[in-house]
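Data from target.pdb: PDB, N, CA and C atoms
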ATOM      1  N   MET A   1       0.839  -1.182   0.000
ATOM      2  CA  MET A   1       0.000   0.000   0.000
ATOM      3  C   MET A   1       0.881   1.242   0.000
ATOM      4  N   GLN A   2       0.681   2.067  -0.969
ATOM      5  CA  GLN A   2       1.452   3.297  -1.093
ATOM      6  C   GLN A   2       0.713   4.446  -0.402
ATOM      7  N   LEU A   3       1.459   5.222   0.374
ATOM      8  CA  LEU A   3       0.880   6.394   1.018
ATOM      9  C   LEU A   3       1.206   7.627   0.185
ATOM     10  N   ASP A   4       0.224   8.502   0.072
ATOM     11  CA  ASP A   4       0.527   9.756  -0.622
ATOM     12  C   ASP A   4       1.220  10.716   0.352
ATOM     13  N   GLU A   5       1.640  11.849  -0.157
ATOM     14  CA  GLU A   5       2.441  12.795   0.648
ATOM     15  C   GLU A   5       1.657  13.308   1.852
ATOM     16  N   ARG A   6       0.366  13.531   1.708
ATOM     17  CA  ARG A   6      -0.467  14.012   2.805
ATOM     18  C   ARG A   6      -0.515  12.982   3.938
ATOM     19  N   GLN A   7      -0.649  11.718   3.601
ATOM     20  CA  GLN A   7      -0.693  10.660   4.600
ATOM     21  C   GLN A   7       0.659  10.498   5.293
ATOM     22  N   ARG A   8       1.757  10.606   4.521
ATOM     23  CA  ARG A   8       3.086  10.528   5.126
ATOM     24  C   ARG A   8       3.318  11.678   6.098
ATOM     25  N   ALA A   9       2.881  12.867   5.734
ATOM     26  CA  ALA A   9       3.017  14.035   6.614
ATOM     27  C   ALA A   9       2.213  13.832   7.898
ATOM     28  N   TYR A  10       1.015  13.262   7.764
ATOM     29  CA  TYR A  10       0.190  12.969   8.943
ATOM     30  C   TYR A  10       0.916  12.023   9.884
ATOM     31  N   TRP A  11       1.480  10.943   9.358
ATOM     32  CA  TRP A  11       2.145   9.968  10.208
ATOM     33  C   TRP A  11       3.426  10.523  10.807
ATOM     34  N   ARG A  12       4.139  11.387  10.087
ATOM     35  CA  ARG A  12       5.317  12.045  10.664
ATOM     36  C   ARG A  12       4.922  12.900  11.854
ATOM     37  N   ARG A  13       3.856  13.698  11.696
ATOM     38  CA  ARG A  13       3.379  14.528  12.811
ATOM     39  C   ARG A  13       2.891  13.660  13.961
ATOM     40  N   ASN A  14       2.198  12.588  13.626
ATOM     41  CA  ASN A  14       1.668  11.687  14.642
ATOM     42  C   ASN A  14       2.806  11.039  15.451
ATOM     43  N   LEU A  15       3.822  10.558  14.762
ATOM     44  CA  LEU A  15       4.955   9.937  15.443
ATOM     45  C   LEU A  15       5.745  10.956  16.261
ATOM     46  N   ARG A  16       5.892  12.182  15.749
ATOM     47  CA  ARG A  16       6.585  13.238  16.487
ATOM     48  C   ARG A  16       5.823  13.588  17.762
ATOM     49  N   LEU A  17       4.499  13.686  17.670
ATOM     50  CA  LEU A  17       3.671  13.966  18.844
ATOM     51  C   LEU A  17       3.759  12.834  19.861
ATOM     52  N   THR A  18       3.688  11.604  19.399
ATOM     53  CA  THR A  18       3.789  10.448  20.284
ATOM     54  C   THR A  18       5.143  10.420  20.991
ATOM     55  N   ALA A  19       6.213  10.660  20.264
ATOM     56  CA  ALA A  19       7.549  10.671  20.863
ATOM     57  C   ALA A  19       7.678  11.808  21.869
ATOM     58  N   SER A  20       7.114  12.961  21.562
ATOM     59  CA  SER A  20       7.167  14.095  22.494
ATOM     60  C   SER A  20       6.413  13.777  23.787
ATOM     61  N   LEU A  21       5.239  13.212  23.654
ATOM     62  CA  LEU A  21       4.454  12.873  24.842
ATOM     63  C   LEU A  21       5.131  11.794  25.680
ATOM     64  N   LEU A  22       5.755  10.819  25.024
ATOM     65  CA  LEU A  22       6.502   9.806  25.770
ATOM     66  C   LEU A  22       7.703  10.421  26.480
ATOM     67  N   GLY A  23       8.347  11.392  25.852
ATOM     68  CA  GLY A  23       9.456  12.098  26.495
ATOM     69  C   GLY A  23       9.005  12.863  27.723
ATOM     70  N   VAL A  24       7.871  13.561  27.623
ATOM     71  CA  VAL A  24       7.324  14.279  28.782
ATOM     72  C   VAL A  24       6.960  13.293  29.878
ATOM     73  N   TRP A  25       6.330  12.181  29.519
ATOM     74  CA  TRP A  25       5.950  11.165  30.501
ATOM     75  C   TRP A  25       7.195  10.628  31.219
ATOM     76  N   PHE A  26       8.238  10.320  30.473
ATOM     77  CA  PHE A  26       9.458   9.803  31.082
ATOM     78  C   PHE A  26      10.071  10.831  32.025
ATOM     79  N   PHE A  27      10.141  12.086  31.583
ATOM     80  CA  PHE A  27      10.746  13.136  32.398
ATOM     81  C   PHE A  27       9.985  13.324  33.703
ATOM     82  N   VAL A  28       8.671  13.408  33.621
ATOM     83  CA  VAL A  28       7.866  13.635  34.824
ATOM     84  C   VAL A  28       7.864  12.403  35.720
ATOM     85  N   SER A  29       7.744  11.222  35.144
ATOM     86  CA  SER A  29       7.626  10.004  35.934
ATOM     87  C   SER A  29       8.934   9.555  36.570
ATOM     88  N   PHE A  30      10.039   9.698  35.869
ATOM     89  CA  PHE A  30      11.292   9.154  36.367
ATOM     90  C   PHE A  30      12.294  10.215  36.799
ATOM     91  N   VAL A  31      12.499  11.221  35.983
ATOM     92  CA  VAL A  31      13.518  12.225  36.303
ATOM     93  C   VAL A  31      13.069  13.091  37.477
ATOM     94  N   LEU A  32      11.879  13.668  37.400
ATOM     95  CA  LEU A  32      11.417  14.512  38.502
ATOM     96  C   LEU A  32      11.201  13.722  39.782
ATOM     97  N   SER A  33      10.661  12.527  39.688
ATOM     98  CA  SER A  33      10.411  11.751  40.903
ATOM     99  C   SER A  33      11.708  11.292  41.560
ATOM    100  N   TYR A  34      12.824  11.285  40.819
ATOM    101  CA  TYR A  34      14.118  10.956  41.403
ATOM    102  C   TYR A  34      14.496  11.976  42.481
ATOM    103  N   PHE A  35      14.045  13.213  42.315
ATOM    104  CA  PHE A  35      14.365  14.285  43.252
ATOM    105  C   PHE A  35      13.251  14.529  44.268
ATOM    106  N   ALA A  36      12.332  13.616  44.433
ATOM    107  CA  ALA A  36      11.189  13.826  45.326
ATOM    108  C   ALA A  36      11.619  14.040  46.772
ATOM    109  N   ARG A  37      12.603  13.339  47.235
ATOM    110  CA  ARG A  37      13.029  13.506  48.630
ATOM    111  C   ARG A  37      13.692  14.852  48.882
ATOM    112  N   GLU A  38      14.345  15.412  47.880
ATOM    113  CA  GLU A  38      15.030  16.685  48.058
ATOM    114  C   GLU A  38      14.069  17.863  48.179
ATOM    115  N   VAL A  39      12.841  17.709  47.718
ATOM    116  CA  VAL A  39      11.888  18.819  47.772
ATOM    117  C   VAL A  39      10.761  18.567  48.772
ATOM    118  N   GLU A  40      10.977  17.668  49.709
ATOM    119  CA  GLU A  40       9.966  17.374  50.724
ATOM    120  C   GLU A  40       9.645  18.591  51.584
ATOM    121  N   HIS A  41      10.579  19.523  51.718
ATOM    122  CA  HIS A  41      10.351  20.676  52.582
ATOM    123  C   HIS A  41       9.435  21.715  51.939
ATOM    124  N   ILE A  42       9.187  21.614  50.643
ATOM    125  CA  ILE A  42       8.271  22.526  49.956
ATOM    126  C   ILE A  42       6.860  21.974  50.089
ATOM    127  N   LEU A  43       5.963  22.764  50.662
ATOM    128  CA  LEU A  43       4.597  22.308  50.902
ATOM    129  C   LEU A  43       3.625  22.984  49.951
ATOM    130  N   ILE A  44       2.699  22.205  49.438
ATOM    131  CA  ILE A  44       1.588  22.709  48.635
ATOM    132  C   ILE A  44       0.320  22.180  49.286
ATOM    133  N   LEU A  45      -0.485  23.093  49.810
ATOM    134  CA  LEU A  45      -1.698  22.720  50.554
ATOM    135  C   LEU A  45      -1.352  21.763  51.698
ATOM    136  N   ASP A  46      -0.270  22.037  52.398
ATOM    137  CA  ASP A  46       0.222  21.251  53.537
ATOM    138  C   ASP A  46       0.618  19.820  53.170
ATOM    139  N   ILE A  47       0.889  19.579  51.918
ATOM    140  CA  ILE A  47       1.353  18.268  51.464
ATOM    141  C   ILE A  47       2.705  18.478  50.787
ATOM    142  N   PRO A  48       3.715  17.675  51.117
ATOM    143  CA  PRO A  48       5.048  17.861  50.522
ATOM    144  C   PRO A  48       5.020  17.729  48.997
ATOM    145  N   LEU A  49       5.818  18.557  48.334
ATOM    146  CA  LEU A  49       5.896  18.526  46.871
ATOM    147  C   LEU A  49       6.343  17.155  46.366
ATOM    148  N   GLY A  50       7.174  16.468  47.116
ATOM    149  CA  GLY A  50       7.621  15.140  46.723
ATOM    150  C   GLY A  50       6.473  14.156  46.546
ATOM    151  N   PHE A  51       5.421  14.348  47.324
ATOM    152  CA  PHE A  51       4.245  13.485  47.179
ATOM    153  C   PHE A  51       3.636  13.663  45.804
ATOM    154  N   TYR A  52       3.517  14.928  45.368
ATOM    155  CA  TYR A  52       2.941  15.199  44.058
ATOM    156  C   TYR A  52       3.854  14.714  42.940
ATOM    157  N   MET A  53       5.149  14.790  43.152
ATOM    158  CA  MET A  53       6.098  14.485  42.082
ATOM    159  C   MET A  53       6.248  13.001  41.811
ATOM    160  N   GLY A  54       6.161  12.175  42.816
ATOM    161  CA  GLY A  54       6.422  10.788  42.472
ATOM    162  C   GLY A  54       6.155   9.755  43.529
ATOM    163  N   ALA A  55       5.540  10.133  44.635
ATOM    164  CA  ALA A  55       5.323   9.154  45.684
ATOM    165  C   ALA A  55       4.258   8.140  45.292
ATOM    166  N   GLN A  56       3.388   8.471  44.381
ATOM    167  CA  GLN A  56       2.368   7.586  43.841
ATOM    168  C   GLN A  56       1.575   6.884  44.932
ATOM    169  N   GLY A  57       1.017   7.699  45.817
ATOM    170  CA  GLY A  57       0.111   7.154  46.817
ATOM    171  C   GLY A  57       0.719   6.949  48.177
ATOM    172  N   ARG A  58       2.010   7.085  48.318
ATOM    173  CA  ARG A  58       2.616   6.985  49.642
ATOM    174  C   ARG A  58       3.692   8.035  49.770
ATOM    175  N   ARG A  59       3.931   8.472  50.964
ATOM    176  CA  ARG A  59       4.917   9.529  51.193
ATOM    177  C   ARG A  59       6.312   8.951  51.056
ATOM    178  N   SER A  60       7.153   9.617  50.276
ATOM    179  CA  SER A  60       8.474   9.081  49.994
ATOM    180  C   SER A  60       9.372   9.111  51.227
ATOM    181  N   SER A  61       9.069   9.953  52.233
ATOM    182  CA  SER A  61       9.900   9.992  53.429
ATOM    183  C   SER A  61       9.657   8.784  54.324
ATOM    184  N   ILE A  62       8.546   8.086  54.124
ATOM    185  CA  ILE A  62       8.232   6.899  54.921
ATOM    186  C   ILE A  62       8.965   5.670  54.364
ATOM    187  N   CYS A  63       9.163   5.634  53.080
ATOM    188  CA  CYS A  63       9.749   4.465  52.408
ATOM    189  C   CYS A  63      11.136   4.151  52.891
TER
END
For this file, produce the structure as structure tokens.
Amino acid sequence: MQLDERQRAYWRRNLRLTASLLGVWFFVSFVLSYFAREVEHILILDIPLGFYMGAQGRRSSIC
């Protein structure tokens, strides 16, 4: 099956968007959560920032 230029452009944009979103997901999930313990002293609504960044349901200072 041959794709015309419009379809190829669509898939290039689609793959670029997918790769960008996966990059953001990786950065937020792994890179930022690596530093969760270092920002425990910053509170947002009386909850440590580390909880929001990567504790995923449990406080990282307890682990």
Margin query: Among chain A, which ones does DSSP assign to strand (DSSP E or B) (computed from the backbone)? Answer as a PyMOL selection string.
Written below: chain A and resi 43-44+47-48
Check: Using only C-alpha atoms, which of A:Asn14, A:Leu43, A:Arg8, A:Met53 sits nearest Phe30 (chain A)?
Finding: A:Met53
Checklist line | Interatomic distance (Å, one decimal) between CA of Ile44 (chain A) and CA of Leu21 (chain A) | finding: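 These two atoms are separated by 25.9 Å.
In this model, the gap between CA of Glu40 (chain A) and CA of Trp25 (chain A) comes to 21.5 Å.
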Grab all the atoms of region 43-50 of chain A that the file lists, wrap them in a box along x, y and z, add 4 Å per side, and give me centre plus edge lengths in Å (one decimal) as JSON.
{"center_x": 3.0, "center_y": 18.6, "center_z": 50.0, "size_x": 17.3, "size_y": 16.9, "size_z": 15.2}
Checklist line | Pairwise distance for atom N of Val39 (chain A) and atom C of Tyr52 (chain A), rounded to one decimal in Å | finding: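 These two atoms are separated by 10.6 Å.
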